[in-house]
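Asks: Structure file input.pdb (PDB, C-alpha atoms) right here:
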```pdb
MODEL        1
ATOM      1  CA  MET A   1     -69.326 -70.379   5.811
ATOM      2  CA  SER A   2     -65.753 -69.062   5.613
ATOM      3  CA  LYS A   3     -64.805 -65.456   4.935
ATOM      4  CA  THR A   4     -63.476 -66.440   1.495
ATOM      5  CA  ALA A   5     -66.809 -67.994   0.545
ATOM      6  CA  TRP A   6     -68.638 -64.861   1.666
ATOM      7  CA  ALA A   7     -66.283 -62.700  -0.392
ATOM      8  CA  LEU A   8     -66.808 -64.885  -3.461
ATOM      9  CA  PHE A   9     -70.580 -64.725  -3.084
ATOM     10  CA  ALA A  10     -70.365 -60.935  -2.735
ATOM     11  CA  VAL A  11     -68.311 -60.610  -5.939
ATOM     12  CA  LEU A  12     -70.730 -62.952  -7.722
ATOM     13  CA  GLY A  13     -73.696 -60.896  -6.513
ATOM     14  CA  VAL A  14     -72.120 -57.635  -7.672
ATOM     15  CA  ALA A  15     -71.277 -59.099 -11.113
ATOM     16  CA  LEU A  16     -74.796 -60.501 -11.607
ATOM     17  CA  GLY A  17     -76.357 -57.253 -10.352
ATOM     18  CA  ALA A  18     -74.286 -55.196 -12.763
ATOM     19  CA  MET A  19     -75.232 -57.427 -15.696
ATOM     20  CA  TRP A  20     -78.896 -57.237 -14.702
ATOM     21  CA  LEU A  21     -78.611 -53.439 -14.596
ATOM     22  CA  VAL A  22     -77.237 -53.393 -18.147
ATOM     23  CA  PHE A  23     -79.960 -55.696 -19.516
ATOM     24  CA  HIS A  24     -82.646 -53.858 -17.519
ATOM     25  CA  LYS A  25     -82.015 -50.774 -19.643
ATOM     26  CA  SER A  26     -83.473 -52.659 -22.623
ATOM     27  CA  PHE A  27     -86.417 -54.367 -20.879
ATOM     28  CA  GLY A  28     -89.744 -53.307 -22.408
ATOM     29  CA  ASN A  29     -88.143 -51.582 -25.394
ATOM     30  CA  ASP A  30     -89.031 -52.427 -28.976
ATOM     31  CA  PRO A  31     -85.948 -54.358 -30.165
ATOM     32  CA  HIS A  32     -86.506 -53.092 -33.712
ATOM     33  CA  ALA A  33     -86.828 -49.426 -32.730
ATOM     34  CA  VAL A  34     -83.924 -47.285 -33.886
ATOM     35  CA  PRO A  35     -82.739 -44.924 -31.138
ATOM     36  CA  PHE A  36     -83.140 -41.201 -31.720
ATOM     37  CA  GLU A  37     -80.736 -38.871 -29.958
ATOM     38  CA  LEU A  38     -81.591 -35.499 -31.517
ATOM     39  CA  ALA A  39     -84.629 -34.809 -29.302
ATOM     40  CA  GLY A  40     -84.005 -31.600 -27.351
ATOM     41  CA  LYS A  41     -81.247 -30.518 -29.732
ATOM     42  CA  PRO A  42     -81.264 -27.845 -32.452
ATOM     43  CA  ALA A  43     -82.610 -29.095 -35.767
ATOM     44  CA  PRO A  44     -79.863 -29.540 -38.362
ATOM     45  CA  ARG A  45     -79.804 -26.674 -40.872
ATOM     46  CA  PHE A  46     -80.886 -27.498 -44.395
ATOM     47  CA  THR A  47     -81.380 -25.967 -47.823
ATOM     48  CA  MET A  48     -83.699 -27.875 -50.145
ATOM     49  CA  LYS A  49     -85.499 -27.185 -53.394
ATOM     50  CA  ARG A  50     -89.257 -26.696 -53.348
ATOM     51  CA  LEU A  51     -90.828 -29.117 -55.819
ATOM     52  CA  ASP A  52     -93.592 -26.826 -57.089
ATOM     53  CA  THR A  53     -91.736 -23.504 -57.466
ATOM     54  CA  GLY A  54     -88.092 -24.625 -57.571
ATOM     55  CA  GLU A  55     -87.102 -21.993 -54.986
ATOM     56  CA  LEU A  56     -84.593 -22.889 -52.265
ATOM     57  CA  VAL A  57     -86.015 -23.268 -48.773
ATOM     58  CA  LYS A  58     -83.890 -22.971 -45.610
ATOM     59  CA  LEU A  59     -84.647 -23.893 -42.023
ATOM     60  CA  GLU A  60     -83.718 -20.361 -41.012
ATOM     61  CA  ASP A  61     -86.609 -19.026 -43.100
ATOM     62  CA  PHE A  62     -88.985 -20.291 -40.387
ATOM     63  CA  ILE A  63     -87.235 -19.218 -37.189
ATOM     64  CA  GLY A  64     -89.820 -18.216 -34.586
ATOM     65  CA  ARG A  65     -92.487 -20.572 -35.960
ATOM     66  CA  PRO A  66     -93.149 -24.196 -34.994
ATOM     67  CA  ILE A  67     -92.442 -26.697 -37.786
ATOM     68  CA  VAL A  68     -93.876 -30.108 -38.683
ATOM     69  CA  LEU A  69     -91.342 -31.804 -40.957
ATOM     70  CA  ASN A  70     -92.556 -35.006 -42.612
ATOM     71  CA  PHE A  71     -90.218 -37.409 -44.463
ATOM     72  CA  TRP A  72     -92.123 -39.574 -46.939
ATOM     73  CA  ALA A  73     -92.016 -41.313 -50.321
ATOM     74  CA  THR A  74     -94.520 -42.406 -52.936
ATOM     75  CA  TRP A  75     -93.253 -46.025 -52.831
ATOM     76  CA  CYS A  76     -94.058 -46.204 -49.102
ATOM     77  CA  GLY A  77     -97.527 -47.610 -48.353
ATOM     78  CA  PRO A  78     -97.825 -46.210 -44.786
ATOM     79  CA  CYS A  79     -96.900 -42.746 -46.144
ATOM     80  CA  LYS A  80     -99.912 -42.899 -48.445
ATOM     81  CA  GLU A  81    -102.078 -43.931 -45.470
ATOM     82  CA  GLU A  82    -101.018 -40.916 -43.393
ATOM     83  CA  HIS A  83    -101.348 -38.414 -46.256
ATOM     84  CA  PRO A  84    -104.998 -37.522 -45.395
ATOM     85  CA  VAL A  85    -103.999 -36.942 -41.742
ATOM     86  CA  LEU A  86    -101.346 -34.463 -42.852
ATOM     87  CA  GLN A  87    -103.845 -32.727 -45.114
ATOM     88  CA  TRP A  88    -106.300 -32.492 -42.222
ATOM     89  CA  ALA A  89    -103.617 -31.135 -39.879
ATOM     90  CA  TYR A  90    -102.440 -28.616 -42.446
ATOM     91  CA  GLN A  91    -105.976 -27.282 -42.882
ATOM     92  CA  LYS A  92    -106.375 -27.010 -39.119
ATOM     93  CA  TRP A  93    -103.032 -25.470 -38.051
ATOM     94  CA  GLN A  94    -101.606 -23.839 -41.185
ATOM     95  CA  ARG A  95    -101.762 -20.358 -39.639
ATOM     96  CA  ASP A  96     -99.758 -21.300 -36.560
ATOM     97  CA  VAL A  97     -97.499 -24.096 -37.757
ATOM     98  CA  VAL A  98     -95.229 -24.503 -40.796
ATOM     99  CA  PHE A  99     -95.797 -27.822 -42.571
ATOM    100  CA  LEU A 100     -92.980 -29.137 -44.761
ATOM    101  CA  GLY A 101     -92.791 -32.443 -46.622
ATOM    102  CA  VAL A 102     -89.390 -33.917 -47.476
ATOM    103  CA  VAL A 103     -89.329 -36.402 -50.337
ATOM    104  CA  PHE A 104     -87.138 -39.340 -49.325
ATOM    105  CA  GLU A 105     -85.405 -41.610 -51.850
ATOM    106  CA  ASP A 106     -87.837 -40.867 -54.650
ATOM    107  CA  THR A 107     -87.969 -39.164 -58.016
ATOM    108  CA  GLU A 108     -89.467 -35.756 -58.722
ATOM    109  CA  GLU A 109     -91.709 -37.289 -61.417
ATOM    110  CA  ASN A 110     -93.193 -39.933 -59.082
ATOM    111  CA  THR A 111     -93.760 -37.336 -56.374
ATOM    112  CA  LYS A 112     -95.398 -34.760 -58.628
ATOM    113  CA  ALA A 113     -97.699 -37.413 -60.119
ATOM    114  CA  PHE A 114     -98.712 -38.554 -56.620
ATOM    115  CA  LEU A 115     -99.380 -35.004 -55.439
ATOM    116  CA  VAL A 116    -101.480 -34.186 -58.510
ATOM    117  CA  GLN A 117    -103.581 -37.272 -57.840
ATOM    118  CA  ASN A 118    -103.817 -36.997 -54.031
ATOM    119  CA  GLY A 119    -103.436 -33.273 -53.422
ATOM    120  CA  SER A 120    -101.011 -31.432 -51.173
ATOM    121  CA  SER A 121    -101.173 -27.814 -50.149
ATOM    122  CA  TRP A 122     -98.031 -27.636 -48.033
ATOM    123  CA  PRO A 123     -94.541 -27.200 -49.548
ATOM    124  CA  GLN A 124     -92.767 -30.368 -50.610
ATOM    125  CA  LEU A 125     -88.961 -30.251 -50.523
ATOM    126  CA  TYR A 126     -86.613 -32.459 -52.492
ATOM    127  CA  ASP A 127     -83.620 -34.165 -50.826
ATOM    128  CA  PRO A 128     -82.074 -35.957 -53.816
ATOM    129  CA  LYS A 129     -78.989 -37.327 -52.039
ATOM    130  CA  SER A 130     -80.726 -37.945 -48.687
ATOM    131  CA  THR A 131     -78.215 -35.668 -46.972
ATOM    132  CA  VAL A 132     -80.943 -33.947 -44.958
ATOM    133  CA  ALA A 133     -82.415 -37.349 -44.013
ATOM    134  CA  VAL A 134     -79.019 -38.492 -42.697
ATOM    135  CA  ASP A 135     -78.547 -35.197 -40.823
ATOM    136  CA  PHE A 136     -81.932 -35.671 -39.115
ATOM    137  CA  GLY A 137     -81.222 -39.303 -38.218
ATOM    138  CA  VAL A 138     -84.030 -40.703 -40.357
ATOM    139  CA  ALA A 139     -84.377 -44.497 -40.077
ATOM    140  CA  GLY A 140     -87.159 -45.119 -42.592
ATOM    141  CA  VAL A 141     -90.354 -43.472 -43.756
ATOM    142  CA  PRO A 142     -92.752 -42.099 -42.763
ATOM    143  CA  GLU A 143     -91.173 -40.057 -39.987
ATOM    144  CA  THR A 144     -92.552 -36.773 -38.677
ATOM    145  CA  TYR A 145     -90.367 -34.317 -36.761
ATOM    146  CA  PHE A 146     -91.766 -31.654 -34.446
ATOM    147  CA  ILE A 147     -89.611 -28.540 -34.135
ATOM    148  CA  ASN A 148     -90.465 -25.714 -31.727
ATOM    149  CA  ARG A 149     -90.202 -21.932 -32.226
ATOM    150  CA  SER A 150     -86.571 -21.942 -31.088
ATOM    151  CA  GLY A 151     -85.619 -24.433 -33.779
ATOM    152  CA  VAL A 152     -85.209 -27.292 -31.292
ATOM    153  CA  ILE A 153     -86.447 -30.797 -32.161
ATOM    154  CA  VAL A 154     -89.041 -31.669 -29.529
ATOM    155  CA  GLY A 155     -89.387 -35.220 -30.855
ATOM    156  CA  LYS A 156     -90.151 -37.398 -33.828
ATOM    157  CA  TYR A 157     -92.878 -39.897 -34.616
ATOM    158  CA  PRO A 158     -91.447 -42.797 -36.641
ATOM    159  CA  TYR A 159     -94.784 -44.365 -37.672
ATOM    160  CA  PRO A 160     -97.746 -43.315 -39.848
ATOM    161  CA  ILE A 161     -99.189 -40.469 -37.834
ATOM    162  CA  ASP A 162    -102.780 -40.425 -36.574
ATOM    163  CA  PRO A 163    -104.931 -37.379 -35.684
ATOM    164  CA  GLN A 164    -104.598 -37.875 -31.894
ATOM    165  CA  THR A 165    -100.801 -38.046 -31.978
ATOM    166  CA  MET A 166    -100.642 -35.109 -34.388
ATOM    167  CA  THR A 167    -102.833 -32.987 -32.089
ATOM    168  CA  LYS A 168    -100.777 -33.878 -29.014
ATOM    169  CA  ARG A 169     -97.418 -33.270 -30.671
ATOM    170  CA  ILE A 170     -98.516 -29.973 -32.238
ATOM    171  CA  SER A 171     -99.746 -28.714 -28.875
ATOM    172  CA  GLU A 172     -96.228 -29.402 -27.533
ATOM    173  CA  ILE A 173     -94.509 -27.271 -30.176
ATOM    174  CA  LEU A 174     -97.091 -24.495 -29.922
ATOM    175  CA  GLN A 175     -96.203 -23.866 -26.253
TER     176      GLN A 175
ATOM    177  CA  MET B 176     -97.429 -65.026 -53.198
ATOM    178  CA  ILE B 177     -94.426 -62.970 -52.061
ATOM    179  CA  ALA B 178     -92.979 -63.088 -55.578
ATOM    180  CA  LEU B 179     -96.315 -61.925 -57.008
ATOM    181  CA  SER B 180     -96.518 -59.055 -54.481
ATOM    182  CA  LEU B 181     -92.957 -57.984 -55.317
ATOM    183  CA  ALA B 182     -93.666 -58.154 -59.048
ATOM    184  CA  LEU B 183     -96.811 -56.029 -58.612
ATOM    185  CA  ALA B 184     -94.891 -53.511 -56.483
ATOM    186  CA  LEU B 185     -92.207 -53.226 -59.171
ATOM    187  CA  VAL B 186     -94.811 -52.766 -61.920
ATOM    188  CA  ALA B 187     -96.600 -50.130 -59.830
ATOM    189  CA  GLY B 188     -93.302 -48.303 -59.181
ATOM    190  CA  ASP B 189     -93.554 -48.885 -55.399
ATOM    191  CA  TYR B 190     -89.834 -49.052 -54.738
ATOM    192  CA  ALA B 191     -87.021 -46.660 -53.865
ATOM    193  CA  PRO B 192     -85.214 -45.712 -57.063
ATOM    194  CA  ALA B 193     -81.478 -46.473 -57.212
ATOM    195  CA  ARG B 194     -79.166 -43.504 -56.815
ATOM    196  CA  GLN B 195     -75.510 -42.887 -57.572
ATOM    197  CA  GLY B 196     -73.219 -42.193 -54.626
ATOM    198  CA  LEU B 197     -70.545 -39.489 -54.487
ATOM    199  CA  GLU B 198     -67.276 -39.925 -56.373
ATOM    200  CA  PRO B 199     -64.674 -41.868 -54.324
ATOM    201  CA  LEU B 200     -61.906 -39.850 -52.660
ATOM    202  CA  ASP B 201     -58.203 -40.547 -53.238
ATOM    203  CA  ALA B 202     -57.080 -44.119 -52.397
ATOM    204  CA  GLN B 203     -55.836 -43.379 -48.881
ATOM    205  CA  ARG B 204     -58.919 -41.416 -47.734
ATOM    206  CA  GLU B 205     -61.286 -43.794 -49.524
ATOM    207  CA  ALA B 206     -59.728 -46.686 -47.581
ATOM    208  CA  ARG B 207     -60.566 -44.763 -44.385
ATOM    209  CA  VAL B 208     -64.126 -44.204 -45.630
ATOM    210  CA  MET B 209     -64.609 -47.944 -46.265
ATOM    211  CA  LYS B 210     -63.016 -48.871 -42.913
ATOM    212  CA  LEU B 211     -65.414 -46.521 -41.119
ATOM    213  CA  GLY B 212     -68.286 -47.778 -43.282
ATOM    214  CA  LYS B 213     -67.642 -51.321 -41.991
ATOM    215  CA  VAL B 214     -68.199 -50.316 -38.348
ATOM    216  CA  LEU B 215     -71.231 -48.059 -38.865
ATOM    217  CA  ARG B 216     -74.730 -49.548 -38.955
ATOM    218  CA  CYS B 217     -77.090 -48.921 -41.857
ATOM    219  CA  ALA B 218     -80.121 -47.038 -40.477
ATOM    220  CA  VAL B 219     -82.723 -48.886 -42.553
ATOM    221  CA  CYS B 220     -81.232 -52.422 -42.628
ATOM    222  CA  GLN B 221     -81.092 -55.436 -40.302
ATOM    223  CA  GLY B 222     -77.596 -55.544 -38.820
ATOM    224  CA  LEU B 223     -75.696 -54.568 -41.969
ATOM    225  CA  SER B 224     -72.895 -52.040 -42.154
ATOM    226  CA  ILE B 225     -73.258 -49.057 -44.456
ATOM    227  CA  ALA B 226     -70.317 -50.385 -46.493
ATOM    228  CA  ASP B 227     -72.016 -53.761 -47.037
ATOM    229  CA  SER B 228     -75.620 -52.670 -47.532
ATOM    230  CA  PRO B 229     -77.003 -52.078 -51.034
ATOM    231  CA  ALA B 230     -79.723 -49.777 -49.599
ATOM    232  CA  SER B 231     -79.895 -46.274 -50.960
ATOM    233  CA  MET B 232     -79.945 -44.852 -47.415
ATOM    234  CA  ALA B 233     -76.718 -46.737 -46.630
ATOM    235  CA  ARG B 234     -75.152 -45.105 -49.692
ATOM    236  CA  ALA B 235     -76.304 -41.723 -48.367
ATOM    237  CA  GLN B 236     -74.735 -42.494 -44.975
ATOM    238  CA  LEU B 237     -71.505 -43.578 -46.681
ATOM    239  CA  ASP B 238     -71.559 -40.324 -48.665
ATOM    240  CA  LYS B 239     -71.819 -38.465 -45.342
ATOM    241  CA  VAL B 240     -68.744 -40.355 -44.083
ATOM    242  CA  ARG B 241     -66.971 -39.404 -47.328
ATOM    243  CA  GLU B 242     -67.989 -35.767 -46.855
ATOM    244  CA  LEU B 243     -66.768 -35.677 -43.234
ATOM    245  CA  VAL B 244     -63.470 -37.391 -44.128
ATOM    246  CA  ALA B 245     -62.989 -34.885 -46.976
ATOM    247  CA  GLU B 246     -63.526 -32.083 -44.457
ATOM    248  CA  GLY B 247     -60.608 -33.479 -42.451
ATOM    249  CA  LYS B 248     -62.609 -34.984 -39.576
ATOM    250  CA  THR B 249     -60.963 -37.728 -37.506
ATOM    251  CA  ASP B 250     -62.375 -41.282 -37.321
ATOM    252  CA  GLN B 251     -63.717 -40.525 -33.846
ATOM    253  CA  GLU B 252     -65.435 -37.338 -35.053
ATOM    254  CA  VAL B 253     -67.078 -39.254 -37.911
ATOM    255  CA  MET B 254     -68.367 -41.916 -35.513
ATOM    256  CA  ASP B 255     -69.517 -39.197 -33.084
ATOM    257  CA  TYR B 256     -71.634 -37.666 -35.875
ATOM    258  CA  PHE B 257     -73.640 -40.909 -36.218
ATOM    259  CA  VAL B 258     -73.739 -41.599 -32.466
ATOM    260  CA  ALA B 259     -75.174 -38.081 -31.960
ATOM    261  CA  ARG B 260     -78.152 -39.127 -34.133
ATOM    262  CA  TYR B 261     -78.674 -42.836 -33.483
ATOM    263  CA  GLY B 262     -76.833 -43.371 -30.192
ATOM    264  CA  GLU B 263     -74.381 -46.252 -29.828
ATOM    265  CA  TRP B 264     -76.809 -48.335 -31.903
ATOM    266  CA  ALA B 265     -75.038 -46.754 -34.893
ATOM    267  CA  LEU B 266     -71.857 -48.660 -34.012
ATOM    268  CA  LEU B 267     -71.774 -52.335 -35.007
ATOM    269  CA  GLU B 268     -69.297 -52.991 -32.197
ATOM    270  CA  PRO B 269     -70.418 -51.316 -28.956
ATOM    271  CA  THR B 270     -67.844 -49.381 -26.962
ATOM    272  CA  THR B 271     -66.498 -50.693 -23.654
ATOM    273  CA  ASN B 272     -67.245 -47.414 -21.838
ATOM    274  CA  GLY B 273     -69.731 -46.948 -18.999
ATOM    275  CA  LEU B 274     -72.293 -49.685 -18.409
ATOM    276  CA  ASN B 275     -71.198 -51.505 -21.571
ATOM    277  CA  GLY B 276     -67.915 -52.217 -19.776
ATOM    278  CA  LEU B 277     -69.846 -54.311 -17.259
ATOM    279  CA  LEU B 278     -71.171 -56.475 -20.090
ATOM    280  CA  TRP B 279     -67.634 -57.133 -21.283
ATOM    281  CA  LEU B 280     -66.229 -57.643 -17.765
ATOM    282  CA  GLY B 281     -69.202 -59.567 -16.310
ATOM    283  CA  PRO B 282     -68.440 -62.961 -17.911
ATOM    284  CA  VAL B 283     -64.727 -62.651 -17.019
ATOM    285  CA  VAL B 284     -65.566 -61.904 -13.378
ATOM    286  CA  LEU B 285     -67.989 -64.850 -13.269
ATOM    287  CA  LEU B 286     -65.331 -67.158 -14.746
ATOM    288  CA  VAL B 287     -62.709 -66.046 -12.202
ATOM    289  CA  VAL B 288     -65.169 -66.450  -9.315
ATOM    290  CA  GLY B 289     -66.078 -69.936 -10.560
ATOM    291  CA  LEU B 290     -62.423 -70.960 -10.737
ATOM    292  CA  LEU B 291     -61.777 -69.604  -7.226
ATOM    293  CA  VAL B 292     -64.734 -71.599  -5.876
ATOM    294  CA  ILE B 293     -63.412 -74.792  -7.471
ATOM    295  CA  VAL B 294     -59.859 -74.177  -6.181
ATOM    296  CA  SER B 295     -61.069 -73.466  -2.636
ATOM    297  CA  LEU B 296     -63.241 -76.613  -2.623
ATOM    298  CA  VAL B 297     -60.364 -78.796  -3.815
ATOM    299  CA  LYS B 298     -57.973 -77.284  -1.242
ATOM    300  CA  LYS B 299     -60.368 -78.019   1.629
ATOM    301  CA  ARG B 300     -60.192 -81.786   1.010
ATOM    302  CA  ALA B 301     -57.430 -83.793   2.732
ATOM    303  CA  PRO B 302     -54.638 -85.150   0.440
ATOM    304  CA  GLY B 303     -55.843 -88.797   0.601
ATOM    305  CA  GLU B 304     -59.521 -87.930   0.751
ATOM    306  CA  LEU B 305     -60.188 -88.578  -2.882
ATOM    307  CA  ALA B 306     -58.721 -92.164  -2.901
ATOM    308  CA  PRO B 307     -61.129 -94.993  -2.049
ATOM    309  CA  GLN B 308     -60.501 -96.279   1.454
ATOM    310  CA  ALA B 309     -60.857 -99.840   2.686
ATOM    311  CA  PRO B 310     -63.423-100.266   5.444
ATOM    312  CA  ALA B 311     -61.750 -99.994   8.842
ATOM    313  CA  ALA B 312     -63.639-102.985  10.174
ATOM    314  CA  ALA B 313     -62.248-105.328   7.491
ATOM    315  CA  ALA B 314     -59.092-106.194   9.507
ATOM    316  CA  ASP B 315     -61.079-107.319  12.536
ATOM    317  CA  ASP B 316     -63.681-109.317  10.623
ATOM    318  CA  PRO B 317     -63.560-112.940  12.055
ATOM    319  CA  PHE B 318     -64.959-114.328   8.807
ATOM    320  CA  LEU B 319     -62.163-112.733   6.730
ATOM    321  CA  ALA B 320     -59.571-113.874   9.297
ATOM    322  CA  GLN B 321     -60.838-117.428   8.926
ATOM    323  CA  VAL B 322     -60.675-117.199   5.090
ATOM    324  CA  ARG B 323     -57.058-115.961   5.282
ATOM    325  CA  ALA B 324     -56.129-118.787   7.656
ATOM    326  CA  GLU B 325     -57.674-121.328   5.306
ATOM    327  CA  LEU B 326     -55.754-119.902   2.370
ATOM    328  CA  GLU B 327     -52.417-119.982   4.199
ATOM    329  CA  LYS B 328     -52.775-123.722   4.915
TER     330      LYS B 328
ENDMDL
END
```
Give the structure from this file in structure tokens form.
Replies:
Amino acid sequence: MSKTAWALFAVLGVALGAMWLVFHKSFGNDPHAVPFELAGKPAPRFTMKRLDTGELVKLEDFIGRPIVLNFWATWCGPCKEEHPVLQWAYQKWQRDVVFLGVVFEDTEENTKAFLVQNGSSWPQLYDPKSTVAVDFGVAGVPETYFINRSGVIVGKYPYPIDPQTMTKRISEILQ
Amino acid sequence: MIALSLALALVAGDYAPARQGLEPLDAQREARVMKLGKVLRCAVCQGLSIADSPASMARAQLDKVRELVAEGKTDQEVMDYFVARYGEWALLEPTTNGLNGLLWLGPVVLLVVGLLVIVSLVKKRAPGELAPQAPAAAADDPFLAQVRAELEK
């Protein structure tokens, strides 16, 4: 084979290798999963109204304590499924961890009616224009964010949470 | 069945209530907002821009664009805000930086290499090589010589 042919094969090999490298990045990933880039970064600051008392709640109010921040809505079936898990977790870790619910794309009336019927002991915050949801990079509900004592987002769980995952993630923010 | 499920969900109130977006900015800045909205992906939709999606979340994202534009942020800073949360997935048209550049350049390189291969193969052939050639033995064939002689008579 001539030198030119070898050179052409080399260029071809490099081009195919580079394309494979690009596609390889996506192999094994859920094509419907929305990327999340805020892990390891400070949680966006927020001020939201507490549904039960009407008082304003800020992220800074909880500096030094780990936070579990759960975005949910009453129209979301999986959110209703995970509600008992959150209640269980709140009962178990309420002394060490701050639990906050954020009502996503819902009305105060619907939310209050749901909470009266299903119970909720942790504060529920209202985000009427979804500005906090956009700041946190929410891509649907339910989504649960785990924030450590320094106010850094350790990660988020974008599915209905189960007791095992909750236990594992809370142990990470308690460290 | 789907229609029945949707009707039941609506009756039961299992849907996200519609919400008003922010007031539009002045014409020039609003045009920028809509232009940016066309290139940013709605976080809860399937491949729709936040300007085209009727989803409430898309309206919230568009409001965020409006807010950032009103604060005097540049187009790049607005896009960076969404990329910082959702990565380049937030952009409907991926950038040509880094590894993405290979995806854009890869097909061009393959095309050029293919053309070079074809050109080199064609060049290697002799000028008359492609034309059909008469068999060399035909001139010396005694049978053909006899046929020609018969024809000339």
Asks: Rank nothing, just name the residue among A:Asp52, A:Glu37, A:Glu108, A:Glu143 nearest to chain B, using all atoms listed in the file.
Replies: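 Residue with the minimum atom-to-atom distance to chain B: A:Glu37.
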Asks: Tell me, as a PyMOL selection string, which residues lie within 12 Å of stretch 242-246 of chain B, counting all atoms listed in the file; anything in the same chain fewer than 5 positions away does not count.
Replies: (chain A and resi 131) or (chain B and resi 196-201+203-212+235-237+251-257)
Asks: Decode the ChimeraX specification (/B :<8) & /A for the given file into explicit residues and return them as a PyMOL selection string.
Replies: chain A and resi 5+8+11-12+15-16+18-19+22+34-38+74-76+105-107+129-131+134-140
Asks: Given the point (-84.0, -58.1, -33.0) in the file's coordinates, find the residues that have an atom at most 10 Å from it, counting only C-alpha atoms, and give them as a PyMOL selection string.
Replies: (chain A and resi 30-33) or (chain B and resi 221-222)
Asks: Which residue out of A:Leu125, A:Ile147, A:Leu174, A:Val97 has the minimum interatomic distance to A:Pro44 when only C-alpha atoms are used?
Replies: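 Of A:Leu125, A:Ile147, A:Leu174, A:Val97, the one nearest A:Pro44 is A:Ile147, counting only C-alpha atoms.
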Asks: What does the distance from atom CA of A:Tyr157 to atom CA of A:Ala113 come to in Å, to one decimal?
Replies: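 These two atoms are separated by 26.1 Å.
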Asks: Calculate how many Å separate atom CA of A:Trp88 from atom CA of A:Asn110, rounding to one decimal.
Replies: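 Atom CA of A:Asn110 lies 22.6 Å from atom CA of A:Trp88.
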Asks: With the PyMOL selection byres ((chain A and resi 49) around 12) as the selection, what would be picked from this file? Answer as a list in words, please.
Replies: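 When the PyMOL selection byres ((chain A and resi 49) around 12) is applied to the shown file, the picked residues are Phe46, Thr47, Met48, Arg50, Leu51, Asp52, Thr53, Gly54, Glu55, Leu56, Val57, Lys58, Leu59, Leu100, Gly101, Val102, Val103, Glu108, Pro123, Gln124, Leu125, Tyr126, Asp127, Pro128 and Val132 of chain A.
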Asks: Can you pull stretch 115-119 of chain A out of that block with all heavy atoms and hand it back as a compact mmCIF listing (two decimals), in the first residue's frame?
Replies:
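Contents of part.txt, as written:
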```
# COMPACT_ATOMS: atom_id res chain seq x y z
N LEU A 115 -52.88 18.34 52.23
CA LEU A 115 -52.13 18.17 53.47
C LEU A 115 -53.06 17.88 54.65
O LEU A 115 -52.69 17.11 55.55
CB LEU A 115 -51.26 19.41 53.75
CG LEU A 115 -50.15 19.65 52.71
CD1 LEU A 115 -49.47 20.98 52.95
CD2 LEU A 115 -49.14 18.51 52.73
N VAL A 116 -54.24 18.46 54.62
CA VAL A 116 -55.22 18.17 55.69
C VAL A 116 -55.60 16.69 55.64
O VAL A 116 -55.66 16.00 56.66
CB VAL A 116 -56.48 19.07 55.54
CG1 VAL A 116 -57.63 18.55 56.39
CG2 VAL A 116 -56.14 20.50 55.90
N GLN A 117 -55.79 16.20 54.42
CA GLN A 117 -56.21 14.82 54.23
C GLN A 117 -55.09 13.81 54.50
O GLN A 117 -55.31 12.76 55.08
CB GLN A 117 -56.70 14.64 52.79
CG GLN A 117 -57.66 13.47 52.63
CD GLN A 117 -58.23 13.44 51.22
OE1 GLN A 117 -57.97 14.32 50.40
NE2 GLN A 117 -58.99 12.41 50.93
N ASN A 118 -53.86 14.16 54.05
CA ASN A 118 -52.76 13.19 54.11
C ASN A 118 -51.73 13.47 55.20
O ASN A 118 -50.86 12.63 55.45
CB ASN A 118 -52.04 13.12 52.76
CG ASN A 118 -52.96 12.63 51.67
OD1 ASN A 118 -53.16 11.42 51.52
ND2 ASN A 118 -53.56 13.54 50.94
N GLY A 119 -51.80 14.63 55.80
CA GLY A 119 -50.88 14.96 56.89
C GLY A 119 -49.51 15.40 56.40
O GLY A 119 -49.02 14.88 55.39
```
